[in-house]
file run11.cif (mmCIF, C-alpha atoms (C1' of nucleotides))
data_model
loop_
_atom_site.label_atom_id
_atom_site.label_comp_id
_atom_site.auth_asym_id
_atom_site.auth_seq_id
_atom_site.Cartn_x
_atom_site.Cartn_y
_atom_site.Cartn_z
CA MET A 154 0.00 0.00 0.00
CA THR A 155 1.20 3.45 -0.88
CA HIS A 156 0.61 7.00 0.21
CA THR A 157 -1.75 7.44 -2.75
CA GLY A 158 -4.28 5.20 -1.09
CA MET A 159 -5.35 1.67 -1.94
CA LEU A 160 -8.01 2.34 -4.57
CA ASN A 161 -6.64 1.56 -8.01
CA ALA A 162 -3.17 1.96 -6.61
CA GLY A 163 -1.40 0.19 -9.46
CA ALA A 164 -2.80 2.41 -12.21
CA THR A 165 -2.35 5.54 -10.14
CA ASP A 166 1.22 4.63 -9.35
CA SER A 167 2.07 4.19 -13.01
CA LEU A 168 0.55 7.60 -13.71
CA ALA A 169 2.54 9.05 -10.85
CA ASP A 170 5.67 7.47 -12.26
CA SER A 171 5.13 8.97 -15.68
CA ILE A 172 4.61 12.42 -14.15
CA ARG A 173 7.66 12.07 -11.94
CA GLY A 174 9.60 10.71 -14.89
CA ALA A 175 8.94 13.95 -16.73
CA GLY A 176 10.55 15.88 -13.89
CA LEU A 177 7.28 17.13 -12.46
CA LYS A 178 5.92 16.93 -8.96
CA VAL A 179 3.10 14.47 -8.47
CA THR A 180 -0.05 16.21 -7.28
CA ALA A 181 -3.69 15.30 -6.99
CA PRO A 182 -4.80 17.68 -9.77
CA ARG A 183 -2.19 16.23 -12.09
CA LEU A 184 -3.27 12.66 -11.42
CA ALA A 185 -6.89 13.67 -11.90
CA VAL A 186 -6.13 15.33 -15.25
CA MET A 187 -4.33 12.20 -16.39
CA ARG A 188 -7.31 10.07 -15.41
CA ALA A 189 -9.72 12.42 -17.16
CA LEU A 190 -7.64 12.11 -20.33
CA ALA A 191 -7.73 8.34 -20.05
CA GLU A 192 -11.53 8.48 -20.02
CA ALA A 193 -11.84 11.07 -22.79
CA PRO A 194 -8.85 10.85 -25.11
CA HIS A 195 -9.55 14.17 -26.90
CA ALA A 196 -10.86 16.53 -24.26
CA SER A 197 -10.92 20.31 -23.94
CA ALA A 198 -9.57 22.09 -20.86
CA ASP A 199 -13.12 22.82 -19.86
CA ARG A 200 -14.24 19.24 -20.17
CA ILE A 201 -11.21 18.01 -18.26
CA PHE A 202 -12.03 20.58 -15.60
CA GLY A 203 -15.52 19.11 -15.34
CA ALA A 204 -14.17 15.59 -14.90
CA VAL A 205 -11.50 16.65 -12.42
CA ARG A 206 -14.02 18.51 -10.29
CA ILE A 207 -15.95 15.33 -9.62
CA GLU A 208 -13.10 13.70 -7.78
CA LEU A 209 -11.36 16.87 -6.63
CA PRO A 210 -13.91 19.66 -6.21
CA SER A 211 -11.44 22.25 -4.99
CA THR A 212 -9.52 22.27 -8.26
CA SER A 213 -9.64 25.49 -10.25
CA LEU A 214 -9.87 25.85 -14.00
CA GLN A 215 -6.61 27.74 -13.96
CA ALA A 216 -4.98 24.79 -12.27
CA VAL A 217 -6.18 22.59 -15.11
CA TYR A 218 -4.68 25.00 -17.62
CA GLY A 219 -1.46 24.99 -15.60
CA VAL A 220 -1.33 21.20 -15.41
CA LEU A 221 -1.97 20.85 -19.12
CA ALA A 222 0.69 23.43 -19.98
CA ALA A 223 3.22 21.57 -17.83
CA PHE A 224 2.27 18.26 -19.44
CA VAL A 225 2.51 19.65 -22.95
CA THR A 226 5.86 21.30 -22.26
CA SER A 227 7.29 18.09 -20.85
CA GLY A 228 5.94 15.97 -23.69
CA LEU A 229 3.47 13.96 -21.61
CA VAL A 230 0.47 15.34 -23.45
CA ARG A 231 -0.16 16.70 -26.91
CA LYS A 232 -2.25 19.75 -27.61
CA LEU A 233 -4.50 19.85 -30.68
CA GLU A 234 -6.15 22.95 -32.00
CA PRO A 235 -8.54 21.92 -34.77
CA ALA A 236 -10.00 24.87 -36.62
CA GLY A 237 -13.28 25.88 -35.04
CA SER A 238 -12.79 24.01 -31.77
CA SER A 239 -11.14 25.02 -28.55
CA ALA A 240 -7.87 23.27 -27.77
CA LEU A 241 -8.01 19.52 -27.17
CA PHE A 242 -5.53 17.40 -25.28
CA GLU A 243 -4.47 13.80 -25.72
CA ARG A 244 -2.10 11.42 -23.99
CA ARG A 245 -1.10 9.55 -27.11
CA VAL A 246 2.21 11.17 -27.94
CA GLY A 247 5.38 10.44 -29.82
CA ASP A 248 3.83 8.25 -32.48
CA ASN A 249 3.14 10.57 -35.39
CA HIS A 250 -0.56 9.97 -35.72
CA HIS A 251 -3.22 12.21 -37.18
CA HIS A 252 -6.87 13.12 -36.70
CA LEU A 253 -10.25 12.80 -38.29
CA VAL A 254 -12.50 15.67 -37.28
CA CYS A 255 -16.23 15.74 -37.87
CA THR A 256 -17.29 19.00 -39.50
CA ARG A 257 -20.71 18.79 -37.90
CA CYS A 258 -20.17 17.72 -34.28
CA SER A 259 -16.40 18.20 -33.92
CA ALA A 260 -15.84 14.62 -32.80
CA VAL A 261 -12.20 13.61 -33.13
CA HIS A 262 -10.80 10.20 -33.98
CA ASP A 263 -7.19 9.10 -34.21
CA VAL A 264 -5.76 7.75 -37.43
CA ASP A 265 -2.42 6.22 -38.02
CA CYS A 266 -0.34 7.55 -40.78
CA ALA A 267 -1.51 6.60 -44.25
CA ILE A 268 1.95 6.60 -45.77
CA GLY A 269 4.64 5.17 -43.56
CA SER A 270 5.61 6.75 -40.32
CA ALA A 271 6.16 10.30 -41.54
CA PRO A 272 3.46 11.10 -44.08
CA CYS A 273 3.88 14.02 -46.37
CA LEU A 274 6.77 15.02 -44.16
CA VAL A 275 8.80 16.62 -46.88
CA PRO A 276 6.93 19.33 -48.76
CA SER A 277 7.75 19.66 -52.43
CA ASP A 278 9.15 23.17 -52.05
CA ASN A 279 10.04 24.08 -48.51
CA ALA A 280 11.06 27.67 -49.30
CA GLY A 281 14.06 27.37 -47.01
CA PHE A 282 12.05 26.24 -44.00
CA THR A 283 13.44 23.44 -41.83
CA VAL A 284 10.50 21.15 -41.31
CA HIS A 285 10.18 19.37 -37.97
CA ALA A 286 6.69 17.97 -38.10
CA ALA A 287 3.78 17.42 -40.41
CA GLU A 288 0.29 17.46 -39.05
CA VAL A 289 -2.60 16.05 -41.03
CA THR A 290 -6.22 16.81 -40.30
CA TYR A 291 -8.92 14.91 -42.16
CA TRP A 292 -12.25 16.68 -42.31
CA GLY A 293 -15.44 14.75 -42.79
CA LEU A 294 -18.60 13.41 -41.21
CA CYS A 295 -18.61 10.93 -38.37
CA PRO A 296 -21.02 7.98 -38.63
CA ASP A 297 -23.57 9.56 -36.28
CA CYS A 298 -23.68 12.80 -38.21
CA GLN A 299 -24.00 10.96 -41.52
CA THR A 300 -27.11 9.31 -40.14
CA ALA A 301 -28.46 12.51 -38.67
CA LEU A 302 -27.94 14.46 -41.88
CA ALA A 303 -29.59 11.74 -43.94
CA ALA A 304 -32.60 11.87 -41.63
CA GLU A 305 -32.74 15.66 -41.90
CA ALA A 306 -32.64 15.49 -45.66
CA ALA A 307 -35.46 12.93 -45.68
CA ALA A 308 -37.56 15.17 -43.40
CA GLU A 309 -37.08 18.11 -45.73
CA ARG A 310 -38.30 16.15 -48.71
CA MET A 311 -41.56 15.67 -46.78
CA LEU A 312 -42.04 19.41 -46.22
CA PRO A 313 -40.73 21.10 -49.35
CA ALA A 314 -40.34 24.65 -47.93
CA MET B 35 -13.79 54.23 -67.63
CA THR B 36 -16.08 52.68 -65.09
CA HIS B 37 -18.04 53.76 -62.05
CA THR B 38 -15.24 52.39 -59.87
CA GLY B 39 -12.97 55.22 -60.96
CA MET B 40 -9.98 55.21 -63.25
CA LEU B 41 -7.19 54.25 -60.87
CA ASN B 42 -6.19 50.65 -61.51
CA ALA B 43 -9.56 50.14 -63.10
CA GLY B 44 -8.69 46.89 -64.84
CA ALA B 45 -7.59 45.05 -61.72
CA THR B 46 -10.43 46.48 -59.67
CA ASP B 47 -12.93 45.44 -62.28
CA SER B 48 -11.72 41.87 -62.27
CA LEU B 49 -12.01 41.86 -58.48
CA ALA B 50 -15.49 43.29 -58.78
CA ASP B 51 -16.36 40.59 -61.28
CA SER B 52 -15.19 37.81 -59.00
CA ILE B 53 -17.22 39.24 -56.12
CA ARG B 54 -20.29 39.66 -58.32
CA GLY B 55 -19.70 36.21 -59.75
CA ALA B 56 -20.01 34.78 -56.25
CA GLY B 57 -23.46 36.33 -55.95
CA LEU B 58 -22.34 39.14 -53.67
CA LYS B 59 -22.81 42.86 -54.00
CA VAL B 60 -19.71 44.80 -54.90
CA THR B 61 -18.82 47.31 -52.20
CA ALA B 62 -15.81 49.42 -51.35
CA PRO B 63 -14.94 47.44 -48.19
CA ARG B 64 -15.07 44.20 -50.15
CA LEU B 65 -12.77 45.50 -52.85
CA ALA B 66 -10.42 46.83 -50.21
CA VAL B 67 -10.30 43.47 -48.42
CA MET B 68 -9.52 41.74 -51.71
CA ARG B 69 -6.71 44.18 -52.37
CA ALA B 70 -5.33 43.73 -48.87
CA LEU B 71 -5.28 39.97 -49.41
CA ALA B 72 -3.43 40.45 -52.67
CA GLU B 73 -0.73 42.37 -50.82
CA ALA B 74 -0.55 39.97 -47.87
CA PRO B 75 -1.60 36.50 -48.93
CA HIS B 76 -1.95 35.12 -45.38
CA ALA B 77 -3.36 37.92 -43.29
CA SER B 78 -5.38 38.03 -40.08
CA ALA B 79 -8.65 39.94 -39.83
CA ASP B 80 -6.86 42.53 -37.78
CA ARG B 81 -4.08 43.01 -40.28
CA ILE B 82 -6.56 43.23 -43.14
CA PHE B 83 -8.45 45.80 -41.10
CA GLY B 84 -5.26 47.84 -40.82
CA ALA B 85 -4.68 47.74 -44.55
CA VAL B 86 -8.29 48.51 -45.41
CA ARG B 87 -8.35 51.51 -43.10
CA ILE B 88 -5.61 53.21 -45.09
CA GLU B 89 -7.71 53.48 -48.20
CA LEU B 90 -11.12 53.46 -46.53
CA PRO B 91 -10.84 54.93 -43.03
CA SER B 92 -14.52 54.64 -42.22
CA THR B 93 -14.44 50.84 -42.38
CA SER B 94 -15.09 49.02 -39.12
CA LEU B 95 -13.42 45.86 -37.91
CA GLN B 96 -16.81 44.18 -37.80
CA ALA B 97 -17.26 45.01 -41.46
CA VAL B 98 -13.99 43.24 -42.18
CA TYR B 99 -15.18 40.19 -40.26
CA GLY B 100 -18.44 40.34 -42.19
CA VAL B 101 -16.73 40.64 -45.54
CA LEU B 102 -14.41 37.76 -44.75
CA ALA B 103 -17.28 35.57 -43.58
CA ALA B 104 -19.17 36.26 -46.81
CA PHE B 105 -16.08 35.51 -48.89
CA VAL B 106 -15.36 32.28 -47.04
CA THR B 107 -18.98 31.13 -47.33
CA SER B 108 -19.05 31.81 -51.04
CA GLY B 109 -15.70 30.13 -51.65
CA LEU B 110 -13.81 33.26 -52.68
CA VAL B 111 -11.47 33.08 -49.72
CA ARG B 112 -10.13 30.32 -47.52
CA LYS B 113 -9.80 30.58 -43.79
CA LEU B 114 -6.83 29.03 -42.03
CA GLU B 115 -6.56 28.53 -38.32
CA PRO B 116 -3.05 27.37 -37.53
CA ALA B 117 -2.59 26.32 -33.93
CA GLY B 118 -1.41 29.26 -31.88
CA SER B 119 -2.32 31.97 -34.39
CA SER B 120 -5.49 33.88 -34.95
CA ALA B 121 -7.37 33.03 -38.13
CA LEU B 122 -5.65 33.82 -41.42
CA PHE B 123 -7.26 34.34 -44.79
CA GLU B 124 -6.01 33.64 -48.29
CA ARG B 125 -7.34 34.08 -51.80
CA ARG B 126 -5.71 31.00 -53.20
CA VAL B 127 -8.60 28.55 -53.15
CA GLY B 128 -9.72 25.38 -54.85
CA ASP B 129 -6.28 23.96 -55.47
CA ASN B 130 -5.62 21.67 -52.54
CA HIS B 131 -2.44 23.24 -51.29
CA HIS B 132 -0.96 23.18 -47.83
CA HIS B 133 1.06 25.34 -45.48
CA LEU B 134 4.43 25.67 -43.86
CA VAL B 135 4.19 27.51 -40.56
CA CYS B 136 7.17 28.86 -38.65
CA THR B 137 7.05 27.78 -35.03
CA ARG B 138 8.94 30.89 -33.94
CA CYS B 139 7.43 33.82 -35.88
CA SER B 140 4.27 32.23 -37.28
CA ALA B 141 5.13 33.12 -40.86
CA VAL B 142 3.11 31.07 -43.33
CA HIS B 143 4.18 29.83 -46.74
CA ASP B 144 2.19 27.90 -49.31
CA VAL B 145 3.28 24.48 -50.44
CA ASP B 146 1.87 22.38 -53.18
CA CYS B 147 0.92 18.88 -52.41
CA ALA B 148 3.84 16.53 -51.97
CA ILE B 149 1.99 13.49 -53.24
CA GLY B 150 -0.26 14.14 -56.18
CA SER B 151 -3.26 16.38 -55.97
CA ALA B 152 -4.92 14.87 -52.91
CA PRO B 153 -2.21 14.01 -50.43
CA CYS B 154 -2.89 11.64 -47.63
CA LEU B 155 -6.54 12.00 -48.51
CA VAL B 156 -7.51 8.53 -47.49
CA PRO B 157 -6.65 7.69 -43.91
CA SER B 158 -5.72 4.09 -43.22
CA ASP B 159 -8.67 3.53 -40.91
CA ASN B 160 -11.41 6.08 -41.28
CA ALA B 161 -13.56 4.67 -38.47
CA GLY B 162 -16.69 5.15 -40.55
CA PHE B 163 -16.05 8.81 -41.26
CA THR B 164 -16.69 10.16 -44.75
CA VAL B 165 -13.62 12.23 -45.52
CA HIS B 166 -14.05 15.37 -47.60
CA ALA B 167 -10.74 17.09 -47.18
CA ALA B 168 -7.26 16.60 -45.84
CA GLU B 169 -5.33 19.51 -44.50
CA VAL B 170 -1.60 19.32 -43.99
CA THR B 171 0.38 21.72 -41.84
CA TYR B 172 4.15 21.54 -41.85
CA TRP B 173 5.78 22.98 -38.74
CA GLY B 174 9.32 24.26 -38.84
CA LEU B 175 11.59 27.28 -38.89
CA CYS B 176 11.56 29.89 -41.60
CA PRO B 177 14.94 31.02 -42.99
CA ASP B 178 14.94 34.24 -40.93
CA CYS B 179 14.29 32.43 -37.68
CA GLN B 180 16.95 29.82 -38.43
CA THR B 181 19.45 32.66 -38.72
CA ALA B 182 18.15 34.41 -35.63
CA LEU B 183 18.25 31.25 -33.54
CA ALA B 184 21.76 30.43 -34.72
CA ALA B 185 22.88 33.93 -33.68
CA GLU B 186 21.21 33.52 -30.29
CA ALA B 187 22.94 30.22 -29.73
CA ALA B 188 26.29 31.75 -30.65
CA ALA B 189 25.72 34.62 -28.21
CA GLU B 190 24.95 32.18 -25.43
CA ARG B 191 28.20 30.32 -25.98
CA MET B 192 30.00 33.62 -25.29
CA LEU B 193 28.26 34.10 -21.92
CA PRO B 194 27.87 30.61 -20.46
CA ALA B 195 25.22 31.44 -17.86
"C1'" DC C 270 -34.92 56.95 -60.07
"C1'" DA C 271 -37.31 54.66 -56.32
"C1'" DG C 272 -37.91 50.19 -53.92
"C1'" DT C 273 -36.01 46.08 -52.15
"C1'" DT C 274 -32.54 43.58 -50.25
"C1'" DG C 275 -28.05 42.97 -48.66
"C1'" DT C 276 -24.22 45.32 -46.29
"C1'" DT C 277 -22.03 48.12 -42.90
"C1'" DT C 278 -21.90 50.69 -38.68
"C1'" DT C 279 -22.44 51.08 -33.89
"C1'" DG C 280 -22.36 49.16 -29.54
"C1'" DA C 281 -22.70 45.25 -26.62
"C1'" DT C 282 -21.40 40.60 -25.44
"C1'" DG C 283 -19.05 35.97 -25.16
"C1'" DA C 284 -15.68 32.35 -25.08
"C1'" DA C 285 -11.08 30.82 -24.47
"C1'" DA C 286 -6.98 31.47 -22.60
"C1'" DT C 287 -3.29 34.04 -20.04
"C1'" DC C 288 -1.05 36.80 -16.30
"C1'" DA C 289 0.34 37.97 -11.49
"C1'" DA C 290 0.49 37.65 -6.57
"C1'" DA C 291 -0.50 35.19 -2.49
"C1'" DA C 292 -1.43 30.73 -0.32
"C1'" DT C 293 -0.20 26.01 -0.27
"C1'" DA C 294 1.76 21.42 -0.87
"C1'" DA C 295 5.44 18.20 -2.72
"C1'" DC C 296 9.95 16.69 -2.31
"C1'" DC C 297 14.79 16.97 -0.57
"C1'" DG C 298 17.98 16.27 3.14
"C1'" DT C 299 18.66 15.29 7.71
"C1'" DA D 101 9.30 12.12 10.93
"C1'" DC D 102 10.39 17.23 10.26
"C1'" DG D 103 11.60 21.61 8.37
"C1'" DG D 104 13.22 24.28 4.33
"C1'" DT D 105 13.16 25.09 -0.52
"C1'" DT D 106 10.90 25.21 -4.64
"C1'" DA D 107 7.20 24.10 -7.61
"C1'" DT D 108 2.29 24.18 -7.88
"C1'" DT D 109 -2.34 25.85 -7.11
"C1'" DT D 110 -5.68 29.28 -5.87
"C1'" DT D 111 -7.75 33.65 -6.37
"C1'" DG D 112 -8.98 37.38 -9.06
"C1'" DA D 113 -8.19 40.33 -12.92
"C1'" DT D 114 -7.29 40.90 -17.74
"C1'" DT D 115 -6.57 40.21 -22.85
"C1'" DT D 116 -7.43 38.68 -27.28
"C1'" DC D 117 -10.25 37.15 -30.77
"C1'" DA D 118 -14.55 36.74 -32.44
"C1'" DT D 119 -19.74 36.97 -32.62
"C1'" DC D 120 -24.49 38.94 -32.10
"C1'" DA D 121 -28.23 42.40 -32.82
"C1'" DA D 122 -30.37 46.58 -34.26
"C1'" DA D 123 -30.27 50.70 -36.82
"C1'" DA D 124 -28.27 53.34 -40.67
"C1'" DC D 125 -26.96 53.00 -45.22
"C1'" DA D 126 -25.71 51.65 -50.10
"C1'" DA D 127 -25.91 48.42 -54.17
"C1'" DC D 128 -28.60 46.40 -57.58
"C1'" DT D 129 -33.37 45.57 -59.96
"C1'" DG D 130 -36.89 47.12 -62.96
#
call {"tool": "encode", "arguments": {"input": "run11.cif", "output": "structure tokens"}}
result
Amino acid sequence: MTHTGMLNAGATDSLADSIRGAGLKVTAPRLAVMRALAEAPHASADRIFGAVRIELPSTSLQAVYGVLAAFVTSGLVRKLEPAGSSALFERRVGDNHHHLVCTRCSAVHDVDCAIGSAPCLVPSDNAGFTVHAAEVTYWGLCPDCQTALAAEAAAERMLPA
Amino acid sequence: MTHTGMLNAGATDSLADSIRGAGLKVTAPRLAVMRALAEAPHASADRIFGAVRIELPSTSLQAVYGVLAAFVTSGLVRKLEPAGSSALFERRVGDNHHHLVCTRCSAVHDVDCAIGSAPCLVPSDNAGFTVHAAEVTYWGLCPDCQTALAAEAAAERMLPA
DNA sequence: CAGTTGTTTTGATGAAATCAAAATAACCGT
DNA sequence: ACGGTTATTTTGATTTCATCAAAACAACTG
């Protein structure tokens, strides 16, 4: 038994280890943010805040921003900023993967690289830039929104304006 | 000579035509925004506002936002939202091209597709999504920032903390 | 040239994120 | 286990970017 308590100690300890391993102090808000990200792999600061509050009601939104900034800086978490959404955070890092984003509901889904491990990494004309990363965002409709839109279209055919 | 005046009438008329062709009324603010985008191909609303004000001082920032929204909706202009920058607008549309973004100064440069006309368009596992577009952002250092960073590094070697 | 409709101005409002100072808790060494 | 140092979190204010709504105005139609 550890000082973190006995509930789910193994999982919590491995989280604690990864935080410590990044050179950061292990705190309750940090563990809670990690757990929230395990539940929701592409969550906004606000959504993480909501999840964290359940187990740790005294946590402030600014703390969540602070935790996320520390995680991003130390490479524990990746920050996404899809056009039209607020920033999202994910724990899957270091494996060059990309994202499908639904244009209707903003749902995000991971995709592995289509072409090897570094897709499109070298632009045809880099204009003297040194390229360090290539980020691919696929825009489309998630299955739910396809269904919903099809239903909408059917309804409109019933009531033609 | 046209009702738009004689100065640069040819270019202005072709701008007017493209605006009219998109089903929009031709107005002074709209022409000014188009001209600003010709000068600065990846400009923020705020920067466009600055440029527009020079020739048309009565224009409001909200008008610029309105003009840009109309242009984006009608396909005349494309809106970019690179992570960490405010939205940028460009007139180059309809030709599936991508962007190099400098991680230090946020400069943006166009790049044609590395792999054919629709790069990475089909993700390996689309999880049921219907994909309509793929957007690629290359992150790196522009030539100026490479030089600046190299100079910084050299300076630090002179004064080792 | 007048009417209709779309556009712009004016002014208010909202969401997301950041900054700074004071209070607090984690980790180190003993 | 305990105290000191340093990082973290809280508290509260602020900034930036963008949107909304109503009234004034200007472009296009016939």
call {"tool": "atom_distance", "arguments": {"input": "run11.cif", "atom1": "CA of Gly109 (chain B)", "atom2": "CA of Cys266 (chain A)"}}
result
29.4 Å
call {"tool": "residues_around", "arguments": {"input": "run11.cif", "residues": "region 93-101 of chain B", "least_positions_apart": "4", "cutoff": "8 Å", "atoms": "only C-alpha atoms (C1' of nucleotides)", "output": "PyMOL selection string"}}
result
(chain B and resi 63-64+67+79-80+82-83+86-87+105) or (chain C and resi 277-278)
call {"tool": "resolve_selection", "arguments": {"input": "run11.cif", "expression": "the PyMOL selection byres ((chain D) within 12 of (chain B))", "output": "number ranges by chain"}}
result
D: 116-120, 126-128
call {"tool": "calpha_fit_and_write", "arguments": {"input": "run11.cif", "fixed": "chain A", "moving": "chain B", "output": "short mmCIF file (atom, residue, chain, number, x, y, z; two decimals) with C-alpha atoms, keeping the file's coordinate frame"}}
result
data_model
loop_
_atom_site.label_atom_id
_atom_site.label_comp_id
_atom_site.auth_asym_id
_atom_site.auth_seq_id
_atom_site.Cartn_x
_atom_site.Cartn_y
_atom_site.Cartn_z
CA MET B 35 -0.09 -0.05 -0.27
CA THR B 36 1.20 3.37 -1.11
CA HIS B 37 0.71 6.92 0.07
CA THR B 38 -1.67 7.47 -2.84
CA GLY B 39 -4.25 5.24 -1.19
CA MET B 40 -5.39 1.76 -2.07
CA LEU B 41 -8.06 2.46 -4.66
CA ASN B 42 -6.72 1.60 -8.10
CA ALA B 43 -3.25 1.95 -6.68
CA GLY B 44 -1.48 0.18 -9.52
CA ALA B 45 -2.81 2.42 -12.27
CA THR B 46 -2.37 5.54 -10.18
CA ASP B 47 1.19 4.60 -9.40
CA SER B 48 2.07 4.19 -13.04
CA LEU B 49 0.54 7.60 -13.72
CA ALA B 50 2.53 9.02 -10.84
CA ASP B 51 5.66 7.44 -12.26
CA SER B 52 5.14 8.97 -15.68
CA ILE B 53 4.60 12.40 -14.13
CA ARG B 54 7.66 12.02 -11.91
CA GLY B 55 9.60 10.67 -14.86
CA ALA B 56 8.93 13.92 -16.70
CA GLY B 57 10.56 15.83 -13.86
CA LEU B 58 7.29 17.09 -12.41
CA LYS B 59 5.94 16.84 -8.90
CA VAL B 60 3.11 14.41 -8.44
CA THR B 61 -0.03 16.16 -7.24
CA ALA B 62 -3.69 15.26 -6.95
CA PRO B 63 -4.80 17.66 -9.73
CA ARG B 64 -2.19 16.20 -12.06
CA LEU B 65 -3.29 12.65 -11.41
CA ALA B 66 -6.90 13.68 -11.88
CA VAL B 67 -6.14 15.34 -15.22
CA MET B 68 -4.34 12.20 -16.38
CA ARG B 69 -7.32 10.09 -15.40
CA ALA B 70 -9.72 12.44 -17.15
CA LEU B 71 -7.64 12.15 -20.31
CA ALA B 72 -7.74 8.38 -20.05
CA GLU B 73 -11.54 8.52 -20.00
CA ALA B 74 -11.83 11.10 -22.78
CA PRO B 75 -8.85 10.89 -25.09
CA HIS B 76 -9.54 14.21 -26.87
CA ALA B 77 -10.85 16.57 -24.25
CA SER B 78 -10.89 20.35 -23.92
CA ALA B 79 -9.55 22.11 -20.83
CA ASP B 80 -13.09 22.84 -19.83
CA ARG B 81 -14.23 19.26 -20.15
CA ILE B 82 -11.20 18.03 -18.23
CA PHE B 83 -12.02 20.60 -15.58
CA GLY B 84 -15.51 19.13 -15.32
CA ALA B 85 -14.17 15.63 -14.88
CA VAL B 86 -11.50 16.66 -12.40
CA ARG B 87 -14.01 18.52 -10.26
CA ILE B 88 -15.96 15.34 -9.61
CA GLU B 89 -13.12 13.70 -7.77
CA LEU B 90 -11.36 16.85 -6.59
CA PRO B 91 -13.91 19.65 -6.18
CA SER B 92 -11.43 22.22 -4.94
CA THR B 93 -9.52 22.24 -8.23
CA SER B 94 -9.64 25.48 -10.20
CA LEU B 95 -9.86 25.85 -13.95
CA GLN B 96 -6.58 27.74 -13.89
CA ALA B 97 -4.98 24.76 -12.20
CA VAL B 98 -6.17 22.59 -15.06
CA TYR B 99 -4.66 25.01 -17.57
CA GLY B 100 -1.45 24.97 -15.55
CA VAL B 101 -1.32 21.21 -15.36
CA LEU B 102 -1.96 20.87 -19.08
CA ALA B 103 0.70 23.44 -19.92
CA ALA B 104 3.24 21.57 -17.79
CA PHE B 105 2.29 18.26 -19.40
CA VAL B 106 2.51 19.67 -22.91
CA THR B 107 5.88 21.30 -22.21
CA SER B 108 7.30 18.09 -20.80
CA GLY B 109 5.95 15.97 -23.65
CA LEU B 110 3.48 13.97 -21.58
CA VAL B 111 0.48 15.36 -23.41
CA ARG B 112 -0.14 16.73 -26.88
CA LYS B 113 -2.23 19.76 -27.59
CA LEU B 114 -4.46 19.87 -30.64
CA GLU B 115 -6.11 22.96 -31.98
CA PRO B 116 -8.48 21.94 -34.74
CA ALA B 117 -9.95 24.87 -36.62
CA GLY B 118 -13.22 25.89 -35.04
CA SER B 119 -12.75 24.04 -31.75
CA SER B 120 -11.10 25.05 -28.54
CA ALA B 121 -7.84 23.30 -27.76
CA LEU B 122 -7.98 19.55 -27.16
CA PHE B 123 -5.51 17.43 -25.27
CA GLU B 124 -4.47 13.81 -25.70
CA ARG B 125 -2.10 11.43 -23.98
CA ARG B 126 -1.13 9.57 -27.09
CA VAL B 127 2.19 11.19 -27.92
CA GLY B 128 5.38 10.46 -29.80
CA ASP B 129 3.83 8.27 -32.45
CA ASN B 130 3.14 10.59 -35.35
CA HIS B 131 -0.56 9.98 -35.70
CA HIS B 132 -3.21 12.23 -37.15
CA HIS B 133 -6.85 13.13 -36.69
CA LEU B 134 -10.24 12.81 -38.27
CA VAL B 135 -12.49 15.68 -37.26
CA CYS B 136 -16.23 15.76 -37.84
CA THR B 137 -17.27 19.00 -39.49
CA ARG B 138 -20.71 18.83 -37.88
CA CYS B 139 -20.16 17.76 -34.25
CA SER B 140 -16.40 18.22 -33.90
CA ALA B 141 -15.83 14.65 -32.76
CA VAL B 142 -12.19 13.65 -33.11
CA HIS B 143 -10.80 10.23 -33.95
CA ASP B 144 -7.19 9.12 -34.18
CA VAL B 145 -5.78 7.77 -37.39
CA ASP B 146 -2.44 6.23 -38.00
CA CYS B 147 -0.35 7.56 -40.76
CA ALA B 148 -1.54 6.59 -44.21
CA ILE B 149 1.92 6.59 -45.74
CA GLY B 150 4.60 5.15 -43.54
CA SER B 151 5.60 6.72 -40.28
CA ALA B 152 6.17 10.27 -41.48
CA PRO B 153 3.46 11.10 -43.98
CA CYS B 154 3.85 13.98 -46.31
CA LEU B 155 6.77 15.04 -44.16
CA VAL B 156 8.74 16.59 -46.95
CA PRO B 157 6.87 19.29 -48.82
CA SER B 158 7.66 19.61 -52.50
CA ASP B 159 9.05 23.11 -52.14
CA ASN B 160 9.97 24.04 -48.61
CA ALA B 161 10.96 27.62 -49.45
CA GLY B 162 13.99 27.37 -47.18
CA PHE B 163 12.02 26.24 -44.15
CA THR B 164 13.43 23.48 -41.95
CA VAL B 165 10.49 21.16 -41.39
CA HIS B 166 10.20 19.42 -38.04
CA ALA B 167 6.72 18.03 -38.13
CA ALA B 168 3.79 17.46 -40.42
CA GLU B 169 0.30 17.49 -39.05
CA VAL B 170 -2.58 16.07 -41.01
CA THR B 171 -6.22 16.80 -40.28
CA TYR B 172 -8.90 14.91 -42.14
CA TRP B 173 -12.25 16.69 -42.29
CA GLY B 174 -15.44 14.76 -42.76
CA LEU B 175 -18.59 13.42 -41.16
CA CYS B 176 -18.62 10.95 -38.32
CA PRO B 177 -21.03 8.00 -38.58
CA ASP B 178 -23.58 9.60 -36.22
CA CYS B 179 -23.69 12.83 -38.18
CA GLN B 180 -24.01 10.98 -41.49
CA THR B 181 -27.13 9.33 -40.10
CA ALA B 182 -28.46 12.55 -38.65
CA LEU B 183 -27.93 14.47 -41.87
CA ALA B 184 -29.56 11.73 -43.92
CA ALA B 185 -32.60 11.88 -41.61
CA GLU B 186 -32.73 15.67 -41.93
CA ALA B 187 -32.62 15.46 -45.69
CA ALA B 188 -35.42 12.90 -45.69
CA ALA B 189 -37.55 15.14 -43.46
CA GLU B 190 -37.05 18.05 -45.81
CA ARG B 191 -38.27 16.04 -48.77
CA MET B 192 -41.55 15.56 -46.88
CA LEU B 193 -42.05 19.32 -46.38
CA PRO B 194 -40.70 20.96 -49.54
CA ALA B 195 -40.36 24.49 -48.16
#
call {"tool": "atom_distance", "arguments": {"input": "run11.cif", "atom1": "CA of Asp129 (chain B)", "atom2": "CA of Lys113 (chain B)"}}
result
13.9 Å
